[in-house]
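> PDB, C-alpha atoms and all ligand atoms, saved as query06.pdb, coming up:
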```
ATOM      1  CA  MET A 850     107.657  14.012 206.984
ATOM      2  CA  PRO A 851     107.873  14.216 203.171
ATOM      3  CA  LEU A 852     110.560  16.306 201.516
ATOM      4  CA  ILE A 853     109.402  19.853 200.763
ATOM      5  CA  GLU A 854     111.921  20.584 198.047
ATOM      6  CA  VAL A 855     114.617  18.761 196.073
ATOM      7  CA  ARG A 856     116.904  21.002 194.066
ATOM      8  CA  ALA A 857     120.181  21.077 192.192
ATOM      9  CA  PRO A 858     123.081  21.801 194.554
ATOM     10  CA  SER A 859     124.580  25.151 193.640
ATOM     11  CA  ASP A 860     128.210  24.047 193.925
ATOM     12  CA  ARG A 861     128.154  20.777 191.938
ATOM     13  CA  THR A 862     127.661  19.629 188.386
ATOM     14  CA  PHE A 863     124.002  19.225 187.545
ATOM     15  CA  PHE A 864     123.219  16.929 184.656
ATOM     16  CA  TYR A 865     120.165  16.729 182.445
ATOM     17  CA  GLU A 866     119.436  13.043 183.051
ATOM     18  CA  VAL A 867     118.314  10.786 180.228
ATOM     19  CA  HIS A 868     117.387   7.258 181.348
ATOM     20  CA  TRP A 869     117.415   4.888 178.401
ATOM     21  CA  VAL A 870     116.234   1.288 178.663
ATOM     22  CA  VAL A 871     118.259  -0.225 175.819
ATOM     23  CA  THR A 872     116.735  -3.672 176.216
ATOM     24  CA  ARG A 873     114.429  -5.388 178.665
ATOM     25  CA  ARG A 874     116.142  -8.724 178.100
ATOM     26  CA  CYS A 875     118.587  -9.845 180.764
ATOM     27  CA  THR A 876     121.175 -12.519 181.399
ATOM     28  CA  TYR A 877     119.693 -13.157 184.864
ATOM     29  CA  ALA A 878     116.216 -13.660 186.280
ATOM     30  CA  CYS A 879     116.571 -12.411 189.849
ATOM     31  CA  GLN A 880     113.640 -13.370 192.017
ATOM     32  CA  TYR A 881     113.235  -9.798 193.333
ATOM     33  CA  CYS A 882     113.045  -8.366 189.790
ATOM     34  CA  PRO A 883     109.628  -7.776 188.158
ATOM     35  CA  ALA A 884     109.169 -10.073 185.125
ATOM     36  CA  HIS A 885     108.895  -7.207 182.616
ATOM     37  CA  ARG A 886     112.416  -6.067 183.595
ATOM     38  CA  HIS A 887     113.993  -9.309 182.335
ATOM     39  CA  ASN A 888     111.610 -10.437 179.621
ATOM     40  CA  PRO A 889     113.519 -12.620 177.092
ATOM     41  CA  ARG A 890     111.012 -11.765 174.331
ATOM     42  CA  ALA A 891     110.947  -8.006 174.859
ATOM     43  CA  PHE A 892     111.408  -5.787 171.789
ATOM     44  CA  GLU A 893     114.957  -4.720 170.946
ATOM     45  CA  ALA A 894     115.790  -2.002 168.422
ATOM     46  CA  ASP A 895     118.432  -2.636 165.719
ATOM     47  CA  ALA A 896     121.887  -1.090 165.900
ATOM     48  CA  ASN A 897     121.201   1.635 163.314
ATOM     49  CA  VAL A 898     117.962   2.629 165.069
ATOM     50  CA  LEU A 899     119.803   3.013 168.385
ATOM     51  CA  VAL A 900     122.610   5.058 166.838
ATOM     52  CA  ASP A 901     120.116   7.303 164.978
ATOM     53  CA  GLY A 902     118.297   7.679 168.290
ATOM     54  CA  VAL A 903     121.382   9.015 170.035
ATOM     55  CA  THR A 904     121.923  11.499 167.186
ATOM     56  CA  ARG A 905     118.366  12.716 167.629
ATOM     57  CA  LEU A 906     118.745  13.050 171.370
ATOM     58  CA  ALA A 907     121.939  15.060 170.997
ATOM     59  CA  SER A 908     120.231  17.395 168.491
ATOM     60  CA  LEU A 909     117.403  18.003 170.994
ATOM     61  CA  LEU A 910     119.708  18.820 173.921
ATOM     62  CA  PRO A 911     122.685  20.640 172.364
ATOM     63  CA  SER A 912     123.149  23.176 175.144
ATOM     64  CA  HIS A 913     122.615  20.897 178.138
ATOM     65  CA  ASP A 914     125.125  18.894 180.159
ATOM     66  CA  VAL A 915     123.547  15.517 179.500
ATOM     67  CA  ARG A 916     124.161  12.314 181.380
ATOM     68  CA  LEU A 917     122.940   9.270 179.500
ATOM     69  CA  ASN A 918     122.051   6.447 181.882
ATOM     70  CA  PHE A 919     121.851   3.166 179.979
ATOM     71  CA  SER A 920     119.927   0.419 181.726
ATOM     72  CA  GLY A 921     117.727  -2.594 181.093
ATOM     73  CA  GLY A 922     117.340  -5.562 181.513
ATOM     74  CA  GLU A 923     121.043  -5.865 180.899
ATOM     75  CA  PRO A 924     122.178  -3.224 178.387
ATOM     76  CA  THR A 925     125.540  -4.852 177.629
ATOM     77  CA  ARG A 926     123.811  -7.954 176.239
ATOM     78  CA  HIS A 927     122.559  -5.917 173.248
ATOM     79  CA  LYS A 928     125.076  -6.658 170.515
ATOM     80  CA  ALA A 929     125.137  -3.021 169.382
ATOM     81  CA  PHE A 930     125.729  -1.630 172.860
ATOM     82  CA  PRO A 931     129.429  -0.692 172.466
ATOM     83  CA  ALA A 932     128.594   1.028 169.142
ATOM     84  CA  LEU A 933     125.793   2.945 170.867
ATOM     85  CA  VAL A 934     128.102   4.145 173.642
ATOM     86  CA  GLU A 935     130.762   5.130 171.101
ATOM     87  CA  ALA A 936     128.191   7.115 169.109
ATOM     88  CA  ALA A 937     126.987   8.857 172.282
ATOM     89  CA  LEU A 938     130.481   9.833 173.443
ATOM     90  CA  ALA A 939     131.125  11.549 170.099
ATOM     91  CA  TYR A 940     128.668  14.321 171.125
ATOM     92  CA  ARG A 941     130.059  17.056 173.334
ATOM     93  CA  CYS A 942     126.708  17.717 175.030
ATOM     94  CA  ILE A 943     126.692  14.119 176.296
ATOM     95  CA  ARG A 944     129.084  14.744 179.145
ATOM     96  CA  ARG A 945     128.735  11.318 180.744
ATOM     97  CA  CYS A 946     127.523   7.862 179.796
ATOM     98  CA  ARG A 947     126.588   5.799 182.809
ATOM     99  CA  VAL A 948     126.012   2.093 182.319
ATOM    100  CA  LEU A 949     123.947   0.077 184.802
ATOM    101  CA  SER A 950     125.185  -3.471 184.307
ATOM    102  CA  ASN A 951     125.551  -6.819 186.061
ATOM    103  CA  LEU A 952     128.845  -7.398 184.155
ATOM    104  CA  SER A 953     127.732 -10.896 183.115
ATOM    105  CA  MET A 954     128.655 -10.815 179.435
ATOM    106  CA  PRO A 955     131.921 -12.209 177.984
ATOM    107  CA  LEU A 956     135.078 -10.255 178.801
ATOM    108  CA  ASP A 957     135.427  -8.982 175.222
ATOM    109  CA  VAL A 958     132.296  -6.843 175.582
ATOM    110  CA  TYR A 959     133.864  -5.015 178.544
ATOM    111  CA  ARG A 960     137.248  -4.804 176.757
ATOM    112  CA  ARG A 961     135.557  -2.778 174.015
ATOM    113  CA  LEU A 962     133.812  -0.576 176.554
ATOM    114  CA  ALA A 963     137.005  -0.181 178.587
ATOM    115  CA  GLY A 964     138.739   0.931 175.357
ATOM    116  CA  LEU A 965     136.115   3.679 175.009
ATOM    117  CA  GLY A 966     136.734   4.660 178.624
ATOM    118  CA  ALA A 967     140.427   5.114 177.808
ATOM    119  CA  ARG A 968     139.608   7.134 174.649
ATOM    120  CA  PHE A 969     137.111   9.397 176.415
ATOM    121  CA  PRO A 970     138.578  10.059 179.878
ATOM    122  CA  GLU A 971     136.152  10.920 182.693
ATOM    123  CA  ARG A 972     133.107  10.350 180.521
ATOM    124  CA  LEU A 973     132.243   6.686 181.046
ATOM    125  CA  GLN A 974     130.948   5.335 184.347
ATOM    126  CA  PHE A 975     129.644   1.943 185.389
ATOM    127  CA  VAL A 976     127.203   1.099 188.140
ATOM    128  CA  ALA A 977     127.981  -2.606 188.463
ATOM    129  CA  SER A 978     125.417  -4.599 190.422
ATOM    130  CA  PHE A 979     126.370  -7.916 191.999
ATOM    131  CA  HIS A 980     123.465 -10.363 192.329
ATOM    132  CA  PHE A 981     124.453 -13.156 194.710
ATOM    133  CA  ALA A 982     122.173 -15.853 193.299
ATOM    134  CA  HIS A 983     123.670 -15.595 189.793
ATOM    135  CA  ALA A 984     126.970 -13.739 189.623
ATOM    136  CA  LYS A 985     130.396 -15.353 189.777
ATOM    137  CA  PRO A 986     132.666 -13.350 192.117
ATOM    138  CA  ALA A 987     135.975 -13.934 190.282
ATOM    139  CA  ALA A 988     134.539 -13.026 186.867
ATOM    140  CA  PHE A 989     132.807  -9.960 188.315
ATOM    141  CA  VAL A 990     135.952  -8.695 190.053
ATOM    142  CA  SER A 991     138.044  -9.224 186.896
ATOM    143  CA  ARG A 992     135.616  -7.100 184.855
ATOM    144  CA  VAL A 993     135.601  -4.370 187.502
ATOM    145  CA  SER A 994     139.405  -4.430 187.441
ATOM    146  CA  LEU A 995     139.521  -4.188 183.632
ATOM    147  CA  LEU A 996     137.242  -1.143 183.632
ATOM    148  CA  LEU A 997     139.171   0.587 186.409
ATOM    149  CA  GLU A 998     142.508  -0.004 184.645
ATOM    150  CA  SER A 999     141.120   1.914 181.665
ATOM    151  CA  GLY A1000     140.108   4.885 183.782
ATOM    152  CA  VAL A1001     136.397   4.066 183.973
ATOM    153  CA  ASP A1002     134.746   5.017 187.292
ATOM    154  CA  VAL A1003     132.962   2.045 188.865
ATOM    155  CA  LEU A1004     130.345   2.013 191.602
ATOM    156  CA  VAL A1005     129.719  -1.566 192.768
ATOM    157  CA  LYS A1006     126.293  -2.248 194.237
ATOM    158  CA  LEU A1007     125.976  -5.417 196.299
ATOM    159  CA  VAL A1008     122.310  -6.304 196.006
ATOM    160  CA  LEU A1009     121.178  -7.643 199.384
ATOM    161  CA  GLY A1010     117.924  -8.897 200.828
ATOM    162  CA  ALA A1011     117.049  -9.729 204.441
ATOM    163  CA  VAL A1012     119.421 -12.722 204.377
ATOM    164  CA  VAL A1013     122.946 -11.570 203.654
ATOM    165  CA  PRO A1014     125.197 -14.259 202.108
ATOM    166  CA  LEU A1015     128.384 -15.078 204.002
ATOM    167  CA  SER A1016     130.364 -14.643 200.781
ATOM    168  CA  VAL A1017     129.703 -10.889 200.925
ATOM    169  CA  VAL A1018     132.676 -10.441 203.279
ATOM    170  CA  GLU A1019     135.021 -12.234 200.879
ATOM    171  CA  LEU A1020     133.764 -10.208 197.939
ATOM    172  CA  ILE A1021     134.193  -6.934 199.824
ATOM    173  CA  GLU A1022     137.763  -7.961 200.679
ATOM    174  CA  ASP A1023     138.550  -8.651 197.003
ATOM    175  CA  LEU A1024     137.044  -5.332 196.002
ATOM    176  CA  ARG A1025     138.972  -3.535 198.731
ATOM    177  CA  LEU A1026     142.218  -4.892 197.276
ATOM    178  CA  LEU A1027     141.219  -3.256 193.990
ATOM    179  CA  ARG A1028     140.262  -0.107 195.838
ATOM    180  CA  ALA A1029     143.784   0.116 197.246
ATOM    181  CA  ARG A1030     144.951   0.712 193.650
ATOM    182  CA  HIS A1031     141.954   2.598 192.286
ATOM    183  CA  ARG A1032     140.604   5.294 194.551
ATOM    184  CA  LYS A1033     137.622   5.857 192.289
ATOM    185  CA  LEU A1034     136.118   2.448 193.033
ATOM    186  CA  VAL A1035     133.056   2.824 195.237
ATOM    187  CA  ILE A1036     131.354  -0.101 197.014
ATOM    188  CA  ARG A1037     127.818   0.087 198.370
ATOM    189  CA  PRO A1038     125.054  -2.301 199.418
ATOM    190  CA  GLN A1039     121.742  -1.904 197.639
ATOM    191  CA  ARG A1040     118.709  -3.149 199.531
ATOM    192  CA  VAL A1041     116.172  -5.275 197.772
ATOM    193  CA  ARG A1042     113.048  -3.127 198.043
ATOM    194  CA  GLY A1043     111.416  -3.308 201.465
ATOM    195  CA  THR A1044     114.415  -4.939 203.137
ATOM    196  CA  GLU A1045     115.136  -3.871 206.650
ATOM    197  CA  SER A1046     118.021  -5.861 208.006
ATOM    198  CA  GLU A1047     120.711  -5.118 210.532
ATOM    199  CA  TYR A1048     123.075  -7.184 208.385
ATOM    200  CA  VAL A1049     122.612  -4.829 205.455
ATOM    201  CA  ASP A1050     123.256  -1.971 207.893
ATOM    202  CA  GLN A1051     126.512  -3.715 208.813
ATOM    203  CA  VAL A1052     127.534  -3.984 205.151
ATOM    204  CA  GLU A1053     126.647  -0.298 204.821
ATOM    205  CA  ARG A1054     129.081   0.493 207.629
ATOM    206  CA  MET A1055     131.762  -1.809 206.154
ATOM    207  CA  THR A1056     131.671   0.083 202.866
ATOM    208  CA  SER A1057     130.922   3.625 203.990
ATOM    209  CA  ASP A1058     134.563   4.685 203.712
ATOM    210  CA  THR A1059     134.368   4.761 199.901
ATOM    211  CA  PRO A1060     132.666   8.125 199.295
ATOM    212  CA  THR A1061     131.788   9.395 195.870
ATOM    213  CA  ASP A1062     130.382  12.432 194.170
ATOM    214  CA  TRP A1063     129.012  11.347 190.839
ATOM    215  CA  GLY A1064     126.741  14.314 190.278
ATOM    216  CA  ASP A1065     123.990  12.526 192.229
ATOM    217  CA  SER A1066     123.867  14.910 195.194
ATOM    218  CA  ARG A1067     120.768  17.002 195.746
ATOM    219  CA  ALA A1068     119.998  19.795 198.178
ATOM    220  CA  VAL A1069     116.832  18.829 200.057
ATOM    221  CA  THR A1070     114.536  20.611 202.483
ATOM    222  CA  TYR A1071     112.200  18.900 204.954
ATOM    223  CA  LEU A1072     110.527  19.480 208.284
ATOM    224  CA  ASP A1073     111.813  17.568 211.289
ATOM    225  CA  ARG A1074     109.721  18.127 214.435
ATOM    226  CA  GLU A1075     108.652  21.619 213.249
ATOM    227  CA  ILE A1076     112.229  22.573 212.344
ATOM    228  CA  LEU A1077     113.083  23.257 208.708
ATOM    229  CA  VAL A1078     116.150  21.206 207.763
ATOM    230  CA  HIS A1079     118.338  21.847 204.706
ATOM    231  CA  GLU A1080     120.904  19.242 203.747
ATOM    232  CA  VAL A1081     122.807  17.855 200.772
ATOM    233  CA  ARG A1082     122.355  14.142 200.274
ATOM    234  CA  GLU A1083     123.487  11.636 197.721
ATOM    235  CA  GLU A1084     121.532   8.503 198.647
ATOM    236  CA  PHE A1085     117.752   8.316 198.724
ATOM    237  CA  ASP A1086     117.154   4.699 199.834
ATOM    238  CA  ALA A1087     116.436   5.894 203.390
ATOM    239  CA  VAL A1088     113.983   8.511 202.064
ATOM    240  CA  ILE A1089     112.051   5.756 200.278
ATOM    241  CA  ALA A1090     112.264   3.365 203.245
ATOM    242  CA  GLY A1091     111.082   6.149 205.574
ATOM    243  CA  GLY A1092     108.085   6.990 203.350
ATOM    244  CA  ARG A1093     109.256  10.567 202.696
ATOM    245  CA  ASN A1094     108.906  10.130 198.921
ATOM    246  CA  LEU A1095     105.393  11.643 198.664
ATOM    247  CA  PHE A1096     105.148  14.336 195.995
ATOM    248  CA  TYR A1097     101.571  14.156 194.696
ATOM    249  CA  GLY A1098     100.630  17.633 193.380
ATOM    250  CA  TYR A1099     104.203  18.979 193.611
ATOM    251  CA  SER A1100     105.779  20.892 190.737
ATOM    252  CA  CYS A1101     108.408  18.530 189.251
ATOM    253  CA  ASP A1102     111.113  19.275 186.639
ATOM    254  CA  ALA A1103     110.535  15.974 184.799
ATOM    255  CA  GLY A1104     110.837  16.768 181.082
ATOM    256  CA  ILE A1105     112.888  19.915 181.597
ATOM    257  CA  GLY A1106     115.544  18.228 183.739
ATOM    258  CA  ALA A1107     115.097  14.579 182.802
ATOM    259  CA  LEU A1108     113.757  12.238 180.127
ATOM    260  CA  PHE A1109     113.026   8.536 179.945
ATOM    261  CA  VAL A1110     113.426   6.423 176.793
ATOM    262  CA  ASN A1111     111.782   3.012 176.847
ATOM    263  CA  ASN A1112     113.016  -0.047 174.931
ATOM    264  CA  ASP A1113     110.461   0.614 172.162
ATOM    265  CA  GLY A1114     111.732   4.201 171.738
ATOM    266  CA  SER A1115     108.750   5.844 173.437
ATOM    267  CA  VAL A1116     109.843   8.934 175.360
ATOM    268  CA  HIS A1117     108.325  10.191 178.614
ATOM    269  CA  SER A1118     109.439  13.044 180.818
ATOM    270  CA  ALA A1119     110.448  10.630 183.605
ATOM    271  CA  LEU A1120     110.621   6.941 184.480
ATOM    272  CA  CYS A1121     107.344   7.299 186.352
ATOM    273  CA  ARG A1122     105.618   8.287 183.060
ATOM    274  CA  PRO A1123     103.679  11.308 184.337
ATOM    275  CA  GLU A1124     101.940  11.786 180.953
ATOM    276  CA  ALA A1125      99.178   9.494 179.711
ATOM    277  CA  LYS A1126     100.802   9.318 176.260
ATOM    278  CA  PRO A1127     104.481   9.325 175.248
ATOM    279  CA  LEU A1128     105.916  12.714 174.220
ATOM    280  CA  PHE A1129     107.286  11.195 170.980
ATOM    281  CA  ASN A1130     109.127   8.131 169.727
ATOM    282  CA  LEU A1131     112.892   8.414 169.535
ATOM    283  CA  TYR A1132     113.158   5.491 167.095
ATOM    284  CA  ASP A1133     110.576   6.817 164.636
ATOM    285  CA  PRO A1134     112.014   9.449 162.252
ATOM    286  CA  LEU A1135     108.455  10.630 161.455
ATOM    287  CA  SER A1136     107.567  11.261 165.096
ATOM    288  CA  ASP A1137     107.597  14.992 165.977
ATOM    289  CA  ALA A1138     110.459  15.141 168.446
ATOM    290  CA  SER A1139     110.149  18.206 170.610
ATOM    291  CA  LEU A1140     110.810  18.566 174.301
ATOM    292  CA  PRO A1141     108.492  19.978 176.954
ATOM    293  CA  THR A1142     109.125  23.589 177.959
ATOM    294  CA  THR A1143     107.565  23.224 181.406
ATOM    295  CA  GLY A1144     107.745  20.556 184.082
ATOM    296  CA  VAL A1145     104.789  18.511 185.342
ATOM    297  CA  ILE A1146     102.457  18.454 188.301
ATOM    298  CA  CYS A1147     103.159  15.103 189.935
ATOM    299  CA  PRO A1148     100.221  12.728 189.357
ATOM    300  CA  HIS A1149     101.618   9.868 191.458
ATOM    301  CA  GLU A1150     101.277   9.102 195.097
ATOM    302  CA  ARG A1151     104.939   8.162 195.450
ATOM    303  CA  CYS A1152     108.251   8.699 193.704
ATOM    304  CA  GLU A1153     109.331   5.085 193.502
ATOM    305  CA  CYS A1154     113.070   5.226 192.831
ATOM    306  CA  SER A1155     116.124   7.318 193.673
ATOM    307  CA  ALA A1156     116.543   8.480 190.057
ATOM    308  CA  SER A1157     113.040   9.982 190.131
ATOM    309  CA  ILE A1158     113.508  11.593 193.532
ATOM    310  CA  ARG A1159     116.657  13.320 192.222
ATOM    311  CA  ILE A1160     114.622  15.301 189.669
ATOM    312  CA  PRO A1161     114.195  18.767 191.218
ATOM    313  CA  LYS A1162     110.699  19.317 192.669
ATOM    314  CA  ARG A1163     108.912  21.545 195.152
ATOM    315  CA  VAL A1164     105.654  21.796 196.992
ATOM    316  CA  VAL A1165     103.148  24.272 195.422
TER     317      VAL A1165
HETATM  318  S1  LIG A1201     120.210  -8.391 186.811
HETATM  319 FE1  LIG A1201     118.866  -6.643 187.148
HETATM  320  S2  LIG A1201     117.483  -6.583 185.360
HETATM  321 FE2  LIG A1201     118.474  -8.591 185.396
HETATM  322  S3  LIG A1201     117.024  -9.925 186.445
HETATM  323 FE3  LIG A1201     118.482  -9.150 187.990
HETATM  324  S4  LIG A1201     117.545  -7.280 188.849
HETATM  325 FE4  LIG A1201     116.454  -7.796 186.926
HETATM  326  S1  LIG A1202     106.683  10.485 190.705
HETATM  327 FE1  LIG A1202     107.389  11.344 188.753
HETATM  328  S2  LIG A1202     106.251  13.252 188.464
HETATM  329 FE2  LIG A1202     106.071  12.638 190.608
HETATM  330  S3  LIG A1202     107.722  13.757 191.648
HETATM  331 FE3  LIG A1202     108.520  11.721 191.118
HETATM  332  S4  LIG A1202     109.500  12.035 189.111
HETATM  333 FE4  LIG A1202     108.158  13.777 189.451
END
```
As structure tokens, please, write out the structure in this file.

Amino acid sequence: MPLIEVRAPSDRTFFYEVHWVVTRRCTYACQYCPAHRHNPRAFEADANVLVDGVTRLASLLPSHDVRLNFSGGEPTRHKAFPALVEAALAYRCIRRCRVLSNLSMPLDVYRRLAGLGARFPERLQFVASFHFAHAKPAAFVSRVSLLLESGVDVLVKLVLGAVVPLSVVELIEDLRLLRARHRKLVIRPQRVRGTESEYVDQVERMTSDTPTDWGDSRAVTYLDREILVHEVREEFDAVIAGGRNLFYGYSCDAGIGALFVNNDGSVHSALCRPEAKPLFNLYDPLSDASLPTTGVICPHERCECSASIRIPKRVV
């Protein structure tokens, strides 16, 4: 059964989510990743354009609690990335910066970011994904350790397909040693889309004792055998795998609760791009930057990712 409603939980922080693809270039080329997500020739904005963009965003959302989610490609490979994060953290309305990274760049990049984590306590988070075909365990763990030592929250995602590498156990052990010192480290498997594997379930169980509340929880309502169920959930992988992500025609708060900035600066109300044309261009000072005042009626058959499902929505 599809979800009937997704809403902000009344007792937890609810962020206005901005998802910003800083670059579509990447240091890896994972075989499960669509080519446009790691295109080495994709457009990248200059440092001053990115920093002006963050100023513009902050001026549009002064009274919201904004969480800026930087992703890619690999955002930390953009040479201006630390400057962009520093500029963002200077604005009070930007309560959190969350970086989705594979931690593959030289240590100095993460030293600079860790320094920002120490300067702006509780405001910098990393979602660090480990890709077994490319990543080097020792280098990855040392970068996670560096970030944690500076007070940065880290959620490690072990990206797993149907075949789970034996080295996953060793890596989890190394991360658990870190976890003994840093209670904010969270470890989770992330399934390659469409993967159903009992081994991934096992990894799920091995890591389920590292709970987190990163502002990702949502109160959801659905029907289960004619009974209306209300629950608070943080993970939506099972909702996608179970086909309960069907919201065509629903009223969705994309645009009033979330925004998506593409690598060329084009802005849509959500990652799924519900509008035919961008709302405006964040990188173009002549583009009329104004935000929607209403949400959208969902034009898509499915909500394809957890970030999109988290946007509040309801059946109409
Ligand atoms: S690290 Fe992420 S963005 Fe880069 S190729 Fe792999 S899945 Fe794609
Ligand atoms: S697909 Fe897009 S418009 Fe539809 S419910 Fe999900 S986020 Fe909203």
> On this structure, the PyMOL selection byres (((chain A and resi 1143-1145) around 9) and not hetatm) would catch which residues? List them as a list in words, sorted by chain and number.
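This file gives the following for the PyMOL selection byres (((chain A and resi 1143-1145) around 9) and not hetatm): Tyr1099, Ser1100, Cys1101, Asp1102, Ala1103, Gly1104, Ile1105, Gly1106, Ser1118, Pro1123, Glu1124, Pro1141, Thr1142, Ile1146, Cys1147 and Pro1148 of chain A.
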> Report as JSON lines: every residue of chain A with an atom at most 12 Å from ligand LIG 1202 (chain A), its closest pair of atoms, and their distance in Å to one decimal, counting only C-alpha atoms and all ligand atoms, with rows sorted by chain and ascending residue number.

```
{"residue": "A:Pro851", "atom": "CA", "partner": "A:LIG1202", "partner_atom": "S3", "distance": 11.5}
{"residue": "A:Leu852", "atom": "CA", "partner": "A:LIG1202", "partner_atom": "S3", "distance": 10.6}
{"residue": "A:Ile853", "atom": "CA", "partner": "A:LIG1202", "partner_atom": "S3", "distance": 11.1}
{"residue": "A:Glu854", "atom": "CA", "partner": "A:LIG1202", "partner_atom": "S3", "distance": 10.3}
{"residue": "A:Val855", "atom": "CA", "partner": "A:LIG1202", "partner_atom": "S3", "distance": 9.6}
{"residue": "A:Arg856", "atom": "CA", "partner": "A:LIG1202", "partner_atom": "S3", "distance": 11.9}
{"residue": "A:Glu866", "atom": "CA", "partner": "A:LIG1202", "partner_atom": "S4", "distance": 11.7}
{"residue": "A:Ile1089", "atom": "CA", "partner": "A:LIG1202", "partner_atom": "FE3", "distance": 11.5}
{"residue": "A:Arg1093", "atom": "CA", "partner": "A:LIG1202", "partner_atom": "S3", "distance": 11.6}
{"residue": "A:Asn1094", "atom": "CA", "partner": "A:LIG1202", "partner_atom": "FE3", "distance": 8.0}
{"residue": "A:Leu1095", "atom": "CA", "partner": "A:LIG1202", "partner_atom": "S3", "distance": 7.7}
{"residue": "A:Phe1096", "atom": "CA", "partner": "A:LIG1202", "partner_atom": "S3", "distance": 5.1}
{"residue": "A:Tyr1097", "atom": "CA", "partner": "A:LIG1202", "partner_atom": "FE2", "distance": 6.3}
{"residue": "A:Gly1098", "atom": "CA", "partner": "A:LIG1202", "partner_atom": "FE2", "distance": 7.9}
{"residue": "A:Tyr1099", "atom": "CA", "partner": "A:LIG1202", "partner_atom": "S3", "distance": 6.6}
{"residue": "A:Ser1100", "atom": "CA", "partner": "A:LIG1202", "partner_atom": "S3", "distance": 7.5}
{"residue": "A:Cys1101", "atom": "CA", "partner": "A:LIG1202", "partner_atom": "FE4", "distance": 4.8}
{"residue": "A:Asp1102", "atom": "CA", "partner": "A:LIG1202", "partner_atom": "FE4", "distance": 6.8}
{"residue": "A:Ala1103", "atom": "CA", "partner": "A:LIG1202", "partner_atom": "FE4", "distance": 5.7}
{"residue": "A:Gly1104", "atom": "CA", "partner": "A:LIG1202", "partner_atom": "FE4", "distance": 9.3}
{"residue": "A:Ile1105", "atom": "CA", "partner": "A:LIG1202", "partner_atom": "FE4", "distance": 11.0}
{"residue": "A:Gly1106", "atom": "CA", "partner": "A:LIG1202", "partner_atom": "S4", "distance": 10.2}
{"residue": "A:Ala1107", "atom": "CA", "partner": "A:LIG1202", "partner_atom": "S4", "distance": 8.8}
{"residue": "A:Leu1108", "atom": "CA", "partner": "A:LIG1202", "partner_atom": "S4", "distance": 9.9}
{"residue": "A:Phe1109", "atom": "CA", "partner": "A:LIG1202", "partner_atom": "S4", "distance": 10.4}
{"residue": "A:His1117", "atom": "CA", "partner": "A:LIG1202", "partner_atom": "FE1", "distance": 10.2}
{"residue": "A:Ser1118", "atom": "CA", "partner": "A:LIG1202", "partner_atom": "S2", "distance": 8.3}
{"residue": "A:Ala1119", "atom": "CA", "partner": "A:LIG1202", "partner_atom": "S4", "distance": 5.8}
{"residue": "A:Leu1120", "atom": "CA", "partner": "A:LIG1202", "partner_atom": "FE1", "distance": 6.9}
{"residue": "A:Cys1121", "atom": "CA", "partner": "A:LIG1202", "partner_atom": "FE1", "distance": 4.7}
{"residue": "A:Arg1122", "atom": "CA", "partner": "A:LIG1202", "partner_atom": "FE1", "distance": 6.7}
{"residue": "A:Pro1123", "atom": "CA", "partner": "A:LIG1202", "partner_atom": "S2", "distance": 5.2}
{"residue": "A:Glu1124", "atom": "CA", "partner": "A:LIG1202", "partner_atom": "S2", "distance": 8.8}
{"residue": "A:Ala1125", "atom": "CA", "partner": "A:LIG1202", "partner_atom": "S2", "distance": 11.9}
{"residue": "A:Gly1144", "atom": "CA", "partner": "A:LIG1202", "partner_atom": "S2", "distance": 8.6}
{"residue": "A:Val1145", "atom": "CA", "partner": "A:LIG1202", "partner_atom": "S2", "distance": 6.3}
{"residue": "A:Ile1146", "atom": "CA", "partner": "A:LIG1202", "partner_atom": "S2", "distance": 6.4}
{"residue": "A:Cys1147", "atom": "CA", "partner": "A:LIG1202", "partner_atom": "FE2", "distance": 3.9}
{"residue": "A:Pro1148", "atom": "CA", "partner": "A:LIG1202", "partner_atom": "FE2", "distance": 6.0}
{"residue": "A:His1149", "atom": "CA", "partner": "A:LIG1202", "partner_atom": "S1", "distance": 5.2}
{"residue": "A:Glu1150", "atom": "CA", "partner": "A:LIG1202", "partner_atom": "S1", "distance": 7.1}
{"residue": "A:Arg1151", "atom": "CA", "partner": "A:LIG1202", "partner_atom": "S1", "distance": 5.6}
{"residue": "A:Cys1152", "atom": "CA", "partner": "A:LIG1202", "partner_atom": "S1", "distance": 3.8}
{"residue": "A:Glu1153", "atom": "CA", "partner": "A:LIG1202", "partner_atom": "S1", "distance": 6.6}
{"residue": "A:Cys1154", "atom": "CA", "partner": "A:LIG1202", "partner_atom": "FE3", "distance": 8.1}
{"residue": "A:Ser1155", "atom": "CA", "partner": "A:LIG1202", "partner_atom": "FE3", "distance": 9.2}
{"residue": "A:Ala1156", "atom": "CA", "partner": "A:LIG1202", "partner_atom": "S4", "distance": 7.9}
{"residue": "A:Ser1157", "atom": "CA", "partner": "A:LIG1202", "partner_atom": "S4", "distance": 4.2}
{"residue": "A:Ile1158", "atom": "CA", "partner": "A:LIG1202", "partner_atom": "FE3", "distance": 5.5}
{"residue": "A:Arg1159", "atom": "CA", "partner": "A:LIG1202", "partner_atom": "S4", "distance": 7.9}
{"residue": "A:Ile1160", "atom": "CA", "partner": "A:LIG1202", "partner_atom": "S4", "distance": 6.1}
{"residue": "A:Pro1161", "atom": "CA", "partner": "A:LIG1202", "partner_atom": "FE4", "distance": 8.0}
{"residue": "A:Lys1162", "atom": "CA", "partner": "A:LIG1202", "partner_atom": "S3", "distance": 6.4}
{"residue": "A:Arg1163", "atom": "CA", "partner": "A:LIG1202", "partner_atom": "S3", "distance": 8.6}
{"residue": "A:Val1164", "atom": "CA", "partner": "A:LIG1202", "partner_atom": "S3", "distance": 9.9}
```
> Output the residue selection produced by the PyMOL selection byres (((not hetatm)) within 10 of (chain A and resi 1201)) on the file above, formatted as a PyMOL selection string.
chain A and resi 872-888+920-924+949-953+977-984+1008+1041
> List the residues selected by the PyMOL selection byres (((chain A and resi 1036) around 12) and not hetatm) in the file shown, writing them as an MDAnalysis selection string.
chainID A and resid 975:979 990 993 1002:1008 1017 1020:1028 1031:1035 1037:1039 1052:1061
